[in-house]
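Participant: Submitted below is the structure of interest, expressed as structure tokens.
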Amino acid sequence: MYKAMGLSDEELKRPLIGVSTTSNEATPCNIHLGKLGQYAKDGVREAECTPREFTTISVSDVITQGHEGMKASLISREVIADSIELMVRAHKYDGVVGIGGCDKSLPGTLMAMARLNLPSIFVYGGTIMPGSWDGKQVTVQDVFEGVGMFETGKITLQELISLENVACPSAGSCAGMYTANTMASIGEAIGMSLPGSASPPAESDRRQEICHSSGKAIMNLLENNIRPKDIMTFEALENSIAIVNAIGGSTNAVLHLLAIAKEIGVKLVLKDFERIRKRTPHIADLRPGGLYVMLDLDKIGGIPVILNSLLKKGLIHADAMTVTGCTMKKNLESSNFSINILSSAPDQKIVRSVDNPIHKEGTLKILSGSLAPDGAVMKIASINTTKFAGKARVFEAEEDAFESISKEKVVEGDVVVIRYEGPKGGPGMREMLSVTAALVGQGLGEKVALVTDGRFSGATRGFMVGHIAPEAMAGGAIALVKNGDKIMIDTIKGKIDLLVSKSELNRRKKKWRPIKPHYAKGLLAKYASLVSSASIGAITLPLM
């Protein structure tokens with residue numbers, strides 16, 4: 001079979017390396033990955049190994065926003081992990097170089113590497129360039145928020161179209177510190193990607209060089225028998241949580257890190273996220289909560305700048321092993337990353353010093369309370385208030401909420417509750433960017449709150465609480481909320497409470513029945529039957 005594909009005896013004597021990409025024409029995040037795969041294969045060959053290229057799926061987290069397609073997004077993470085695992089197990093490859101672009105392809109690839117525990121290295125496909133509109137940098141976030149601005153008459157239809165025409169000018173993943181760039185940053189922090197590989201743009205020469213270098217680096221892992229379990233330790237996961245809080249990263253990181261931890265066999269719980277958040281300062285002024293994009297961070301040195309700042313203050317584990325075969329500390333001390341950008345470029349405003357942070361504590365807040373006994377997640381990078389109390393406006397699906405918001409029926413002081421959008425209930429735990437961006441575009445980002453058992457895009461900002469657990473489909477308290485109930489959110493105390501008496505909730509619980517599942521057959525029905533709570537990563541677990 002191999003000789004039928006042109007391989008020689010000499011090539012077959014060498015280690016066979018699976019080169020996985022999520023290349024497709026579904027999204028600009030992935031459209032260039034096939035080309036990048038060739039650079040990785042060249043590196044594998046240079047390392048005297050034999051590359052075997054294969055692809056897996058990837059779903060666009062932007063194109064699927066606001067409709068049924070978003071139910072496929074989180075599910076695709078599991079399919080990506082499953083398909084990489086199957087290909088590598090089936091063909092007994094000796095190692096893996098995995099290249100991912102759109103949001104779920106990054107954690108999906110890392111989850112597969114954790115399961116397989118073969119010498120592996122993860123490569124990010126790179127960030128898209130920001131667009132330019134009305135004299136300022138713009139991203140896809142601006143387009144979604146522009147919809148809300150158009151609906152309230154703040155911009156014209158032609159202005160919205162002109163914004164849409166320029167916001168995404170090239171290949172690559174969304175430009176801000178949204179989910180893809182957050183997970184790429186985690187790739188470095190967790191030690192599974194080469195230092196400095198997260199930030200270079202998708203279509204830059206440096207991105208091609210990174211792919212080549214990553215392919216070449218696989219031999220060192222093989223020769224020294226360095227495997228994902230040696231790298232993705234509890235300490236490495238703590239480093240990952242620290243970087244997400246320092247950069248104001250996506251709430252989706254919580255789900256994905258919990259899932260990766262489960263696959264690698266490390267116990268990680270929501271309390272760990274809150275513990276590390278409290279000790280980690282927020283120092284990078286990145287969108288959506290800040291002003292800058294991944295390209296700006298790249299220009300001043302990328303993720304190593306932030307890791308180095310945290311390392312000097314003892315906020316990350318210096319001795320964590322990485323795919324270079326060296327520790328995190330040794331990588332950061334190397335000549336390429338030894339420059340302290342905060343002293344050599346004092347005028348830059350993208351990354352602050354640890355002693356002068358944007359916020360003294362990190363941005364991924366874990367909440368709990370009577371509305372979310374098993375936890376909830378909120379990004380506090382962009383909010384100026386610490387408390388919100390209001391009356392519930394309950395919606396049984398995202399579409400219902402978006403229609404009401406579009407008609408300006410949601411008003412200041414409301415707490416929008418969107419339920420039956422959890423892992424089981426959706427199924428698939430849809431992101432709510434269309435809804436949250438519409439609220440922000442209407443000027444309601446901090447004048448209303450939104451609570452859901454679904455999740456948010458990395459581009460979401462405002463007083464938005466997601467991952468409510470237990471979810472509505474599992475009979476969680478969010479299923480019992482009625483219009484007019486008072487909900488209290490306190491980010492200082494970490495509380496989210498439904499201010500209804502226990503006796504009343506017990507009465508409602510006795511009358512409650514779950515909704516009829518949205519799907520009776522096919523992958524979405526299968527997923528709904530296997531998926532676990534968001535509080536443990538919304539992973540799929542075998543029926544025992």
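Chain identifiers are assigned as A, B, and so on, following the order in which chains appear in the structure tokens; residues are numbered from 1 within each chain, and ligands are numbered from 1 in order of appearance.
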Val531 (chain A): which residues within 9 Å, counting only C-alpha atoms, same-chain residues fewer than 6 positions away excluded, as a list in words?
Facilitator: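 Neighbouring residues, sequence-local ones excluded: Pro423, Lys424, Pro427, Gly428, Ala538, Ile539, Thr540, Leu541 and Pro542 of chain A.
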Participant: Quick one: pick out all alpha helix (DSSP H) residues within region 407-542 of chain A from a backbone DSSP run and write them as a ChimeraX atom specification.
Facilitator: /A:433-441,502-511,522-530
Participant: Please report as JSON lines every residue of region 258-311 of chain A lying within 8 Å of region 360-382 of chain A, along with the nearest atom pair and their distance in Å (one decimal), using only C-alpha atoms.
Facilitator:
{"residue": "A:Leu270", "atom": "CA", "partner": "A:Ile366", "partner_atom": "CA", "distance": 7.1}
{"residue": "A:Lys271", "atom": "CA", "partner": "A:Ile366", "partner_atom": "CA", "distance": 7.8}
{"residue": "A:Phe273", "atom": "CA", "partner": "A:Ile366", "partner_atom": "CA", "distance": 7.3}
{"residue": "A:Glu274", "atom": "CA", "partner": "A:Ile366", "partner_atom": "CA", "distance": 5.9}
{"residue": "A:Arg277", "atom": "CA", "partner": "A:Gly362", "partner_atom": "CA", "distance": 4.7}
{"residue": "A:Lys278", "atom": "CA", "partner": "A:Glu361", "partner_atom": "CA", "distance": 5.1}
{"residue": "A:Arg279", "atom": "CA", "partner": "A:Glu361", "partner_atom": "CA", "distance": 6.2}
{"residue": "A:Thr280", "atom": "CA", "partner": "A:Gly362", "partner_atom": "CA", "distance": 5.3}
{"residue": "A:Pro281", "atom": "CA", "partner": "A:Glu361", "partner_atom": "CA", "distance": 4.5}
{"residue": "A:His282", "atom": "CA", "partner": "A:Gly362", "partner_atom": "CA", "distance": 4.9}
{"residue": "A:Pro288", "atom": "CA", "partner": "A:Ser382", "partner_atom": "CA", "distance": 7.5}
{"residue": "A:Gly289", "atom": "CA", "partner": "A:Ser382", "partner_atom": "CA", "distance": 4.3}
{"residue": "A:Gly290", "atom": "CA", "partner": "A:Ser382", "partner_atom": "CA", "distance": 7.1}
Participant: Dump all heavy atoms for the selected residues as a compact mmCIF listing (two decimals), in the first residue's frame?
Facilitator:
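Just written: again_34.txt:
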# COMPACT_ATOMS: atom_id res chain seq x y z
N LEU A 270 -13.04 23.59 38.52
CA LEU A 270 -13.31 25.01 38.39
C LEU A 270 -12.65 25.84 39.50
O LEU A 270 -12.23 26.97 39.27
CB LEU A 270 -14.82 25.26 38.39
CG LEU A 270 -15.56 24.89 37.11
CD1 LEU A 270 -17.06 25.11 37.28
CD2 LEU A 270 -15.04 25.68 35.91
N LYS A 271 -12.53 25.26 40.70
CA LYS A 271 -11.88 26.00 41.79
C LYS A 271 -10.43 26.34 41.47
O LYS A 271 -9.91 27.36 41.93
CB LYS A 271 -11.97 25.20 43.09
CG LYS A 271 -13.38 25.14 43.69
CD LYS A 271 -13.38 24.39 45.01
CE LYS A 271 -14.78 24.35 45.62
NZ LYS A 271 -14.80 23.59 46.90
N PHE A 273 -9.33 27.25 38.57
CA PHE A 273 -9.36 28.44 37.73
C PHE A 273 -9.48 29.70 38.57
O PHE A 273 -8.79 30.70 38.32
CB PHE A 273 -10.54 28.37 36.75
CG PHE A 273 -10.33 27.40 35.62
CD1 PHE A 273 -10.58 26.06 35.77
CD2 PHE A 273 -9.88 27.85 34.39
CE1 PHE A 273 -10.39 25.15 34.73
CE2 PHE A 273 -9.68 26.98 33.34
CZ PHE A 273 -9.94 25.62 33.51
N GLU A 274 -10.33 29.66 39.57
CA GLU A 274 -10.52 30.84 40.41
C GLU A 274 -9.30 31.10 41.28
O GLU A 274 -8.89 32.26 41.48
CB GLU A 274 -11.78 30.66 41.27
CG GLU A 274 -12.17 31.88 42.08
CD GLU A 274 -12.52 33.11 41.25
OE1 GLU A 274 -12.67 33.00 40.01
OE2 GLU A 274 -12.64 34.19 41.83
N ARG A 277 -6.71 32.61 38.99
CA ARG A 277 -7.15 33.95 38.56
C ARG A 277 -6.80 35.00 39.61
O ARG A 277 -6.33 36.10 39.26
CB ARG A 277 -8.67 33.95 38.33
CG ARG A 277 -9.20 35.27 37.78
CD ARG A 277 -10.71 35.38 37.93
NE ARG A 277 -11.11 35.54 39.32
CZ ARG A 277 -11.08 36.68 39.99
NH1 ARG A 277 -10.67 37.79 39.39
NH2 ARG A 277 -11.45 36.73 41.24
N LYS A 278 -7.02 34.68 40.87
CA LYS A 278 -6.83 35.66 41.93
C LYS A 278 -5.37 36.09 42.07
O LYS A 278 -5.08 37.20 42.53
CB LYS A 278 -7.34 35.09 43.25
CG LYS A 278 -8.86 35.02 43.33
CD LYS A 278 -9.31 34.47 44.67
CE LYS A 278 -10.83 34.45 44.77
NZ LYS A 278 -11.30 33.89 46.07
N ARG A 279 -4.45 35.22 41.67
CA ARG A 279 -3.04 35.56 41.83
C ARG A 279 -2.40 36.07 40.54
O ARG A 279 -1.23 36.45 40.54
CB ARG A 279 -2.26 34.34 42.34
CG ARG A 279 -2.02 33.26 41.29
CD ARG A 279 -1.32 32.06 41.88
NE ARG A 279 -0.86 31.13 40.85
CZ ARG A 279 -0.65 29.84 41.04
NH1 ARG A 279 -0.89 29.32 42.24
NH2 ARG A 279 -0.23 29.07 40.06
N THR A 280 -3.17 36.08 39.45
CA THR A 280 -2.61 36.46 38.14
C THR A 280 -3.12 37.81 37.70
O THR A 280 -4.33 37.99 37.53
CB THR A 280 -2.98 35.40 37.08
OG1 THR A 280 -2.60 34.11 37.54
CG2 THR A 280 -2.28 35.71 35.76
N PRO A 281 -2.27 38.77 37.45
CA PRO A 281 -2.73 40.08 36.99
C PRO A 281 -3.08 40.06 35.50
O PRO A 281 -2.51 39.29 34.72
CB PRO A 281 -1.53 40.98 37.23
CG PRO A 281 -0.35 40.06 37.11
CD PRO A 281 -0.81 38.73 37.65
N HIS A 282 -4.03 40.90 35.12
CA HIS A 282 -4.39 41.08 33.72
C HIS A 282 -3.49 42.18 33.16
O HIS A 282 -3.60 43.34 33.57
CB HIS A 282 -5.87 41.48 33.64
CG HIS A 282 -6.32 41.87 32.27
ND1 HIS A 282 -7.36 42.77 32.06
CD2 HIS A 282 -5.91 41.49 31.03
CE1 HIS A 282 -7.54 42.92 30.76
NE2 HIS A 282 -6.69 42.15 30.12
N PRO A 288 -11.47 41.29 23.02
CA PRO A 288 -12.54 42.28 22.95
C PRO A 288 -12.61 43.26 24.12
O PRO A 288 -13.27 44.28 24.02
CB PRO A 288 -13.81 41.43 22.92
CG PRO A 288 -13.45 40.25 23.77
CD PRO A 288 -12.00 39.97 23.43
N GLY A 289 -11.94 42.94 25.23
CA GLY A 289 -12.02 43.85 26.37
C GLY A 289 -11.11 45.04 26.26
O GLY A 289 -11.32 46.06 26.92
N GLY A 290 -10.09 44.95 25.39
CA GLY A 290 -9.12 46.03 25.26
C GLY A 290 -9.09 46.64 23.86
O GLY A 290 -10.08 46.59 23.13
Participant: Contacts of Ser434 (chain A) at 12 Å or less, counting only C-alpha atoms, minus same-chain residues fewer than 5 places along, as an MDAnalysis selection string?
Facilitator: chainID A and resid 61:67 70 140:148 398:403 405:406 439:441 455:457 459:461
Participant: For the residues selected in the previous step, produce a file with N, CA and C atoms as a tab-separated table (two decimals), in the first residue's frame.
Facilitator:
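So selection.tsv came out as:
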chain	number	residue	atom	x	y	z
A	61	ASP	N	-16.80	29.03	13.51
A	61	ASP	CA	-17.54	29.56	14.65
A	61	ASP	C	-18.17	30.91	14.36
A	62	VAL	N	-17.84	31.53	13.24
A	62	VAL	CA	-18.45	32.81	12.88
A	62	VAL	C	-19.62	32.59	11.93
A	63	ILE	N	-19.40	31.80	10.89
A	63	ILE	CA	-20.46	31.58	9.90
A	63	ILE	C	-21.66	30.87	10.52
A	64	THR	N	-21.42	30.08	11.57
A	64	THR	CA	-22.52	29.34	12.21
A	64	THR	C	-23.25	30.14	13.28
A	65	GLN	N	-22.80	31.37	13.56
A	65	GLN	CA	-23.43	32.15	14.62
A	65	GLN	C	-24.89	32.45	14.32
A	66	GLY	N	-25.71	32.34	15.37
A	66	GLY	CA	-27.08	32.84	15.30
A	66	GLY	C	-28.09	31.90	14.67
A	67	HIS	N	-27.69	30.67	14.33
A	67	HIS	CA	-28.66	29.73	13.76
A	67	HIS	C	-28.30	28.31	14.17
A	70	MET	N	-24.62	26.61	14.74
A	70	MET	CA	-23.76	26.76	15.90
A	70	MET	C	-23.84	25.55	16.84
A	140	VAL	N	-13.98	41.01	13.10
A	140	VAL	CA	-15.34	40.49	12.94
A	140	VAL	C	-16.23	40.91	14.11
A	141	GLN	N	-15.64	41.14	15.28
A	141	GLN	CA	-16.40	41.62	16.44
A	141	GLN	C	-17.15	42.90	16.10
A	142	ASP	N	-16.49	43.80	15.37
A	142	ASP	CA	-17.11	45.08	15.03
A	142	ASP	C	-18.32	44.89	14.11
A	143	VAL	N	-18.25	43.87	13.26
A	143	VAL	CA	-19.37	43.62	12.36
A	143	VAL	C	-20.59	43.15	13.14
A	144	PHE	N	-20.38	42.21	14.05
A	144	PHE	CA	-21.50	41.74	14.86
A	144	PHE	C	-22.09	42.87	15.70
A	145	GLU	N	-21.24	43.69	16.30
A	145	GLU	CA	-21.74	44.81	17.09
A	145	GLU	C	-22.35	45.87	16.18
A	146	GLY	N	-21.87	45.94	14.93
A	146	GLY	CA	-22.45	46.86	13.97
A	146	GLY	C	-23.90	46.56	13.65
A	147	VAL	N	-24.29	45.28	13.74
A	147	VAL	CA	-25.69	44.92	13.52
A	147	VAL	C	-26.57	45.60	14.55
A	148	GLY	N	-26.14	45.55	15.82
A	148	GLY	CA	-26.91	46.23	16.86
A	148	GLY	C	-26.93	47.73	16.67
A	398	GLU	N	-31.99	30.73	21.71
A	398	GLU	CA	-31.26	31.92	21.30
A	398	GLU	C	-32.05	32.75	20.29
A	399	GLU	N	-32.69	32.08	19.33
A	399	GLU	CA	-33.41	32.82	18.29
A	399	GLU	C	-34.49	33.70	18.87
A	400	ASP	N	-35.20	33.21	19.90
A	400	ASP	CA	-36.26	33.99	20.53
A	400	ASP	C	-35.69	35.24	21.19
A	401	ALA	N	-34.54	35.07	21.83
A	401	ALA	CA	-33.91	36.22	22.49
A	401	ALA	C	-33.44	37.24	21.47
A	402	PHE	N	-32.83	36.78	20.39
A	402	PHE	CA	-32.31	37.70	19.37
A	402	PHE	C	-33.45	38.50	18.73
A	403	GLU	N	-34.58	37.84	18.47
A	403	GLU	CA	-35.72	38.54	17.88
A	403	GLU	C	-36.22	39.64	18.80
A	405	ILE	N	-34.51	41.18	21.18
A	405	ILE	CA	-33.50	42.24	21.26
A	405	ILE	C	-33.53	43.10	20.00
A	406	SER	N	-33.68	42.46	18.84
A	406	SER	CA	-33.73	43.20	17.58
A	406	SER	C	-34.89	44.19	17.54
A	439	LEU	N	-26.69	43.40	21.86
A	439	LEU	CA	-26.89	44.17	23.09
A	439	LEU	C	-25.83	45.26	23.22
A	440	VAL	N	-24.57	44.90	22.96
A	440	VAL	CA	-23.49	45.89	23.04
A	440	VAL	C	-23.69	46.98	21.99
A	441	GLY	N	-24.07	46.57	20.77
A	441	GLY	CA	-24.30	47.54	19.70
A	441	GLY	C	-25.42	48.51	20.01
A	455	ARG	N	-22.90	29.15	25.81
A	455	ARG	CA	-21.59	29.75	26.01
A	455	ARG	C	-21.44	30.97	25.11
A	456	PHE	N	-20.25	31.57	25.14
A	456	PHE	CA	-20.03	32.81	24.42
A	456	PHE	C	-18.84	32.69	23.47
A	457	SER	N	-18.88	33.49	22.44
A	457	SER	CA	-17.73	33.66	21.58
A	457	SER	C	-16.63	34.35	22.36
A	459	ALA	N	-15.25	36.76	21.29
A	459	ALA	CA	-15.44	38.17	20.96
A	459	ALA	C	-16.52	38.84	21.82
A	460	THR	N	-17.15	38.07	22.69
A	460	THR	CA	-18.21	38.62	23.54
A	460	THR	C	-17.63	39.52	24.63
A	461	ARG	N	-18.33	40.61	24.90
A	461	ARG	CA	-18.00	41.46	26.03
A	461	ARG	C	-19.29	41.95	26.65
Participant: Of the candidates A:Arg508, A:Lys104, A:Arg207, A:Arg419, which one gets nearest to Ile468 (chain A) if we count only C-alpha atoms?
Facilitator: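 When distances to Ile468 (chain A) are compared using only C-alpha atoms, the smallest one comes from A:Arg419.
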Participant: Could you tell me which of A:Asn384, A:Thr491, A:Thr182, A:Ser58 comes closest to Val244 (chain A) if we count only C-alpha atoms?
Facilitator: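 Under the stated criterion, the closest residue is A:Thr182.
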Participant: Determine the nearest neighbour of Asp42 (chain A) from the options A:Ile17, A:Ile75, A:Pro304, A:Ala198, counting only C-alpha atoms.
Facilitator: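 Ranking A:Ile17, A:Ile75, A:Pro304, A:Ala198 by distance to Asp42 (chain A), first place goes to A:Ile17.
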Participant: So that I can check the surroundings of Asn252 (chain A), please list as a PDB file with N, CA, C and O atoms, in the first residue's frame every protein, DNA and RNA residue that reaches within 7 Å of it, counting only C-alpha atoms and ignoring chain neighbours fewer than 3 positions away.
Facilitator:
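Dumped everything to part_17.pdb:
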ATOM      1  N   THR A 179     -11.319  33.128  20.802  1.00  0.00           N
ATOM      2  CA  THR A 179     -11.024  31.761  21.224  1.00  0.00           C
ATOM      3  C   THR A 179      -9.811  31.168  20.514  1.00  0.00           C
ATOM      4  O   THR A 179      -8.969  30.528  21.149  1.00  0.00           O
ATOM      5  N   LEU A 255     -13.751  25.547  29.263  1.00  0.00           N
ATOM      6  CA  LEU A 255     -14.242  24.259  28.752  1.00  0.00           C
ATOM      7  C   LEU A 255     -13.106  23.421  28.189  1.00  0.00           C
ATOM      8  O   LEU A 255     -12.998  22.219  28.460  1.00  0.00           O
ATOM      9  N   HIS A 256     -12.264  24.052  27.383  1.00  0.00           N
ATOM     10  CA  HIS A 256     -11.246  23.300  26.650  1.00  0.00           C
ATOM     11  C   HIS A 256     -10.135  22.795  27.565  1.00  0.00           C
ATOM     12  O   HIS A 256      -9.645  21.672  27.384  1.00  0.00           O
ATOM     13  N   GLY A 458     -15.387  34.134  21.927  1.00  0.00           N
ATOM     14  CA  GLY A 458     -14.289  34.890  22.515  1.00  0.00           C
ATOM     15  C   GLY A 458     -14.411  36.373  22.260  1.00  0.00           C
ATOM     16  O   GLY A 458     -13.771  37.182  22.936  1.00  0.00           O
TER      17      GLY A 458
END
Participant: Which residues are near Asp453 (chain A)? Cut-off 7 Å, only C-alpha atoms, ignore same chain within fewer than 2 positions. Put them as a list of chain:residue names.
Facilitator: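 Listing them by chain and then by number gives A:Arg419, A:Tyr420, A:Glu421, A:Gly422, A:Arg455, A:Gly466, A:His467, A:Ile468, A:Ala469, A:Glu471.
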Participant: So how many Å separate CA of Asn165 (chain A) and CA of Leu36 (chain A), to one decimal?
Facilitator: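 The value is 26.2 Å.
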Participant: Write out as a ChimeraX atom specification each polymer residue whose atoms come within 7 Å of region 123-130 of chain A, counting only C-alpha atoms; drop sequence neighbours fewer than 6 positions from it.
Facilitator: /A:33,98-101,137-139,167-175,181,184,193,198-202,207,211,294-295
Participant: Deliver the residues from the most recent selection as a file, using N, CA, C and O atoms, as a short mmCIF file (atom, residue, chain, number, x, y, z; two decimals), in the first residue's frame.
Facilitator:
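Resulting contents of result_6.cif:
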data_model
loop_
_atom_site.label_atom_id
_atom_site.label_comp_id
_atom_site.auth_asym_id
_atom_site.auth_seq_id
_atom_site.Cartn_x
_atom_site.Cartn_y
_atom_site.Cartn_z
N LEU A 33 -4.41 26.09 5.48
CA LEU A 33 -3.71 25.09 6.28
C LEU A 33 -3.10 23.97 5.44
O LEU A 33 -2.09 23.38 5.84
N GLY A 98 0.22 18.34 14.50
CA GLY A 98 -1.17 18.73 14.29
C GLY A 98 -1.30 20.23 14.05
O GLY A 98 -0.83 21.02 14.88
N ILE A 99 -1.92 20.60 12.93
CA ILE A 99 -2.09 22.02 12.58
C ILE A 99 -3.58 22.36 12.63
O ILE A 99 -4.39 21.73 11.94
N GLY A 100 -3.94 23.35 13.44
CA GLY A 100 -5.35 23.75 13.57
C GLY A 100 -5.53 25.24 13.39
O GLY A 100 -4.60 26.02 13.65
N GLY A 101 -6.73 25.64 12.97
CA GLY A 101 -7.00 27.05 12.74
C GLY A 101 -8.18 27.57 13.52
O GLY A 101 -8.03 28.30 14.49
N GLN A 137 -8.58 50.12 13.47
CA GLN A 137 -8.53 48.67 13.26
C GLN A 137 -9.88 48.06 13.59
O GLN A 137 -10.51 48.40 14.60
N VAL A 138 -10.32 47.12 12.74
CA VAL A 138 -11.59 46.45 12.99
C VAL A 138 -11.41 44.95 12.80
O VAL A 138 -10.50 44.48 12.11
N THR A 139 -12.32 44.20 13.43
CA THR A 139 -12.35 42.75 13.33
C THR A 139 -13.79 42.31 13.16
O THR A 139 -14.72 43.14 13.11
N ALA A 167 -13.58 44.07 7.21
CA ALA A 167 -13.25 43.61 8.56
C ALA A 167 -12.34 42.38 8.57
O ALA A 167 -11.54 42.20 9.49
N CYS A 168 -12.46 41.53 7.56
CA CYS A 168 -11.69 40.28 7.51
C CYS A 168 -10.95 40.21 6.17
O CYS A 168 -11.48 39.64 5.21
N PRO A 169 -9.74 40.76 6.09
CA PRO A 169 -9.10 40.95 4.79
C PRO A 169 -8.24 39.80 4.29
O PRO A 169 -7.69 39.90 3.19
N SER A 170 -8.09 38.71 5.05
CA SER A 170 -7.14 37.68 4.63
C SER A 170 -7.47 36.35 5.28
O SER A 170 -8.44 36.23 6.01
N ALA A 171 -6.63 35.35 5.01
CA ALA A 171 -6.75 34.06 5.71
C ALA A 171 -6.29 34.21 7.15
O ALA A 171 -5.52 35.11 7.49
N GLY A 172 -6.77 33.32 7.99
CA GLY A 172 -6.36 33.32 9.39
C GLY A 172 -7.54 33.37 10.33
O GLY A 172 -8.67 33.65 9.93
N SER A 173 -7.29 33.09 11.60
CA SER A 173 -8.33 33.09 12.62
C SER A 173 -8.59 34.50 13.13
O SER A 173 -7.74 35.37 13.03
N CYS A 174 -9.77 34.71 13.71
CA CYS A 174 -10.23 36.04 14.10
C CYS A 174 -9.17 36.81 14.89
O CYS A 174 -8.48 36.25 15.75
N ALA A 175 -9.07 38.11 14.61
CA ALA A 175 -7.87 38.89 14.92
C ALA A 175 -7.65 39.21 16.39
O ALA A 175 -6.52 39.39 16.83
N ASN A 181 -7.10 32.58 19.07
CA ASN A 181 -5.85 33.15 19.55
C ASN A 181 -5.61 32.83 21.03
O ASN A 181 -4.46 32.70 21.46
N ALA A 184 -4.31 29.31 20.96
CA ALA A 184 -2.93 29.31 20.44
C ALA A 184 -1.97 29.75 21.54
O ALA A 184 -0.86 29.19 21.67
N SER A 193 3.49 23.74 21.90
CA SER A 193 3.85 24.48 20.68
C SER A 193 5.21 25.13 20.87
O SER A 193 5.62 25.44 22.00
N ALA A 198 2.64 31.35 18.55
CA ALA A 198 1.20 31.67 18.60
C ALA A 198 0.83 32.92 17.82
O ALA A 198 -0.26 32.98 17.23
N SER A 199 1.70 33.91 17.77
CA SER A 199 1.26 35.23 17.31
C SER A 199 1.53 35.60 15.86
O SER A 199 0.83 36.46 15.32
N PRO A 200 2.50 35.02 15.15
CA PRO A 200 2.73 35.46 13.76
C PRO A 200 1.51 35.26 12.87
O PRO A 200 0.80 34.26 12.98
N PRO A 201 1.22 36.21 11.98
CA PRO A 201 0.03 36.13 11.14
C PRO A 201 0.01 34.90 10.23
O PRO A 201 1.06 34.34 9.89
N ALA A 202 -1.18 34.53 9.82
CA ALA A 202 -1.40 33.31 9.05
C ALA A 202 -0.62 33.29 7.75
O ALA A 202 -0.11 32.25 7.33
N ARG A 207 5.14 32.34 9.69
CA ARG A 207 4.20 31.24 9.93
C ARG A 207 4.66 29.99 9.17
O ARG A 207 4.60 28.87 9.69
N CYS A 211 5.91 26.31 10.85
CA CYS A 211 5.42 24.99 10.46
C CYS A 211 6.58 24.06 10.11
O CYS A 211 6.61 22.89 10.51
N MET A 294 -4.03 40.50 17.95
CA MET A 294 -2.89 39.59 18.03
C MET A 294 -1.69 40.12 17.24
O MET A 294 -0.54 39.96 17.65
N LEU A 295 -1.94 40.75 16.10
CA LEU A 295 -0.85 41.31 15.30
C LEU A 295 -0.04 42.32 16.11
O LEU A 295 1.19 42.34 16.02
#
Participant: I need the strand (DSSP E) residues of region 268-472 of chain A per DSSP on the backbone, written as an NGL selection string.
Facilitator: :A and (364-369 or 372-379 or 387-395 or 414-418 or 449-452 or 464-469)
Participant: So that I can see what lies close to region 222-230 of chain A, please list as a PDB file with all heavy atoms, in the first residue's frame the residues with an atom at most 6 Å from it, counting only C-alpha atoms and leaving out residues fewer than 5 positions away in the same chain.
Facilitator:
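And here's around_25.pdb as it stands now:
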ATOM      1  N   ALA A 114      -3.408  14.142  23.610  1.00  0.00           N
ATOM      2  CA  ALA A 114      -3.431  13.660  24.989  1.00  0.00           C
ATOM      3  C   ALA A 114      -3.860  12.193  25.048  1.00  0.00           C
ATOM      4  O   ALA A 114      -3.266  11.385  25.783  1.00  0.00           O
ATOM      5  CB  ALA A 114      -4.378  14.524  25.822  1.00  0.00           C
ATOM      6  N   ASN A 117      -0.977   9.971  23.379  1.00  0.00           N
ATOM      7  CA  ASN A 117       0.276  10.046  24.138  1.00  0.00           C
ATOM      8  C   ASN A 117       1.474   9.561  23.324  1.00  0.00           C
ATOM      9  O   ASN A 117       2.340   8.846  23.823  1.00  0.00           O
ATOM     10  CB  ASN A 117       0.175   9.273  25.459  1.00  0.00           C
ATOM     11  CG  ASN A 117       1.259   9.693  26.442  1.00  0.00           C
ATOM     12  OD1 ASN A 117       1.637  10.863  26.502  1.00  0.00           O
ATOM     13  ND2 ASN A 117       1.774   8.733  27.200  1.00  0.00           N
ATOM     14  N   LEU A 118       1.510   9.960  22.074  1.00  0.00           N
ATOM     15  CA  LEU A 118       2.674   9.748  21.218  1.00  0.00           C
ATOM     16  C   LEU A 118       3.438  11.069  21.098  1.00  0.00           C
ATOM     17  O   LEU A 118       2.850  12.143  21.299  1.00  0.00           O
ATOM     18  CB  LEU A 118       2.227   9.298  19.827  1.00  0.00           C
ATOM     19  CG  LEU A 118       1.566   7.928  19.720  1.00  0.00           C
ATOM     20  CD1 LEU A 118       0.979   7.757  18.320  1.00  0.00           C
ATOM     21  CD2 LEU A 118       2.562   6.822  20.024  1.00  0.00           C
ATOM     22  N   PRO A 119       4.729  11.045  20.779  1.00  0.00           N
ATOM     23  CA  PRO A 119       5.441  12.300  20.567  1.00  0.00           C
ATOM     24  C   PRO A 119       4.667  13.199  19.601  1.00  0.00           C
ATOM     25  O   PRO A 119       4.344  12.797  18.477  1.00  0.00           O
ATOM     26  CB  PRO A 119       6.775  11.837  19.967  1.00  0.00           C
ATOM     27  CG  PRO A 119       6.988  10.489  20.587  1.00  0.00           C
ATOM     28  CD  PRO A 119       5.620   9.868  20.628  1.00  0.00           C
TER      29      PRO A 119
END
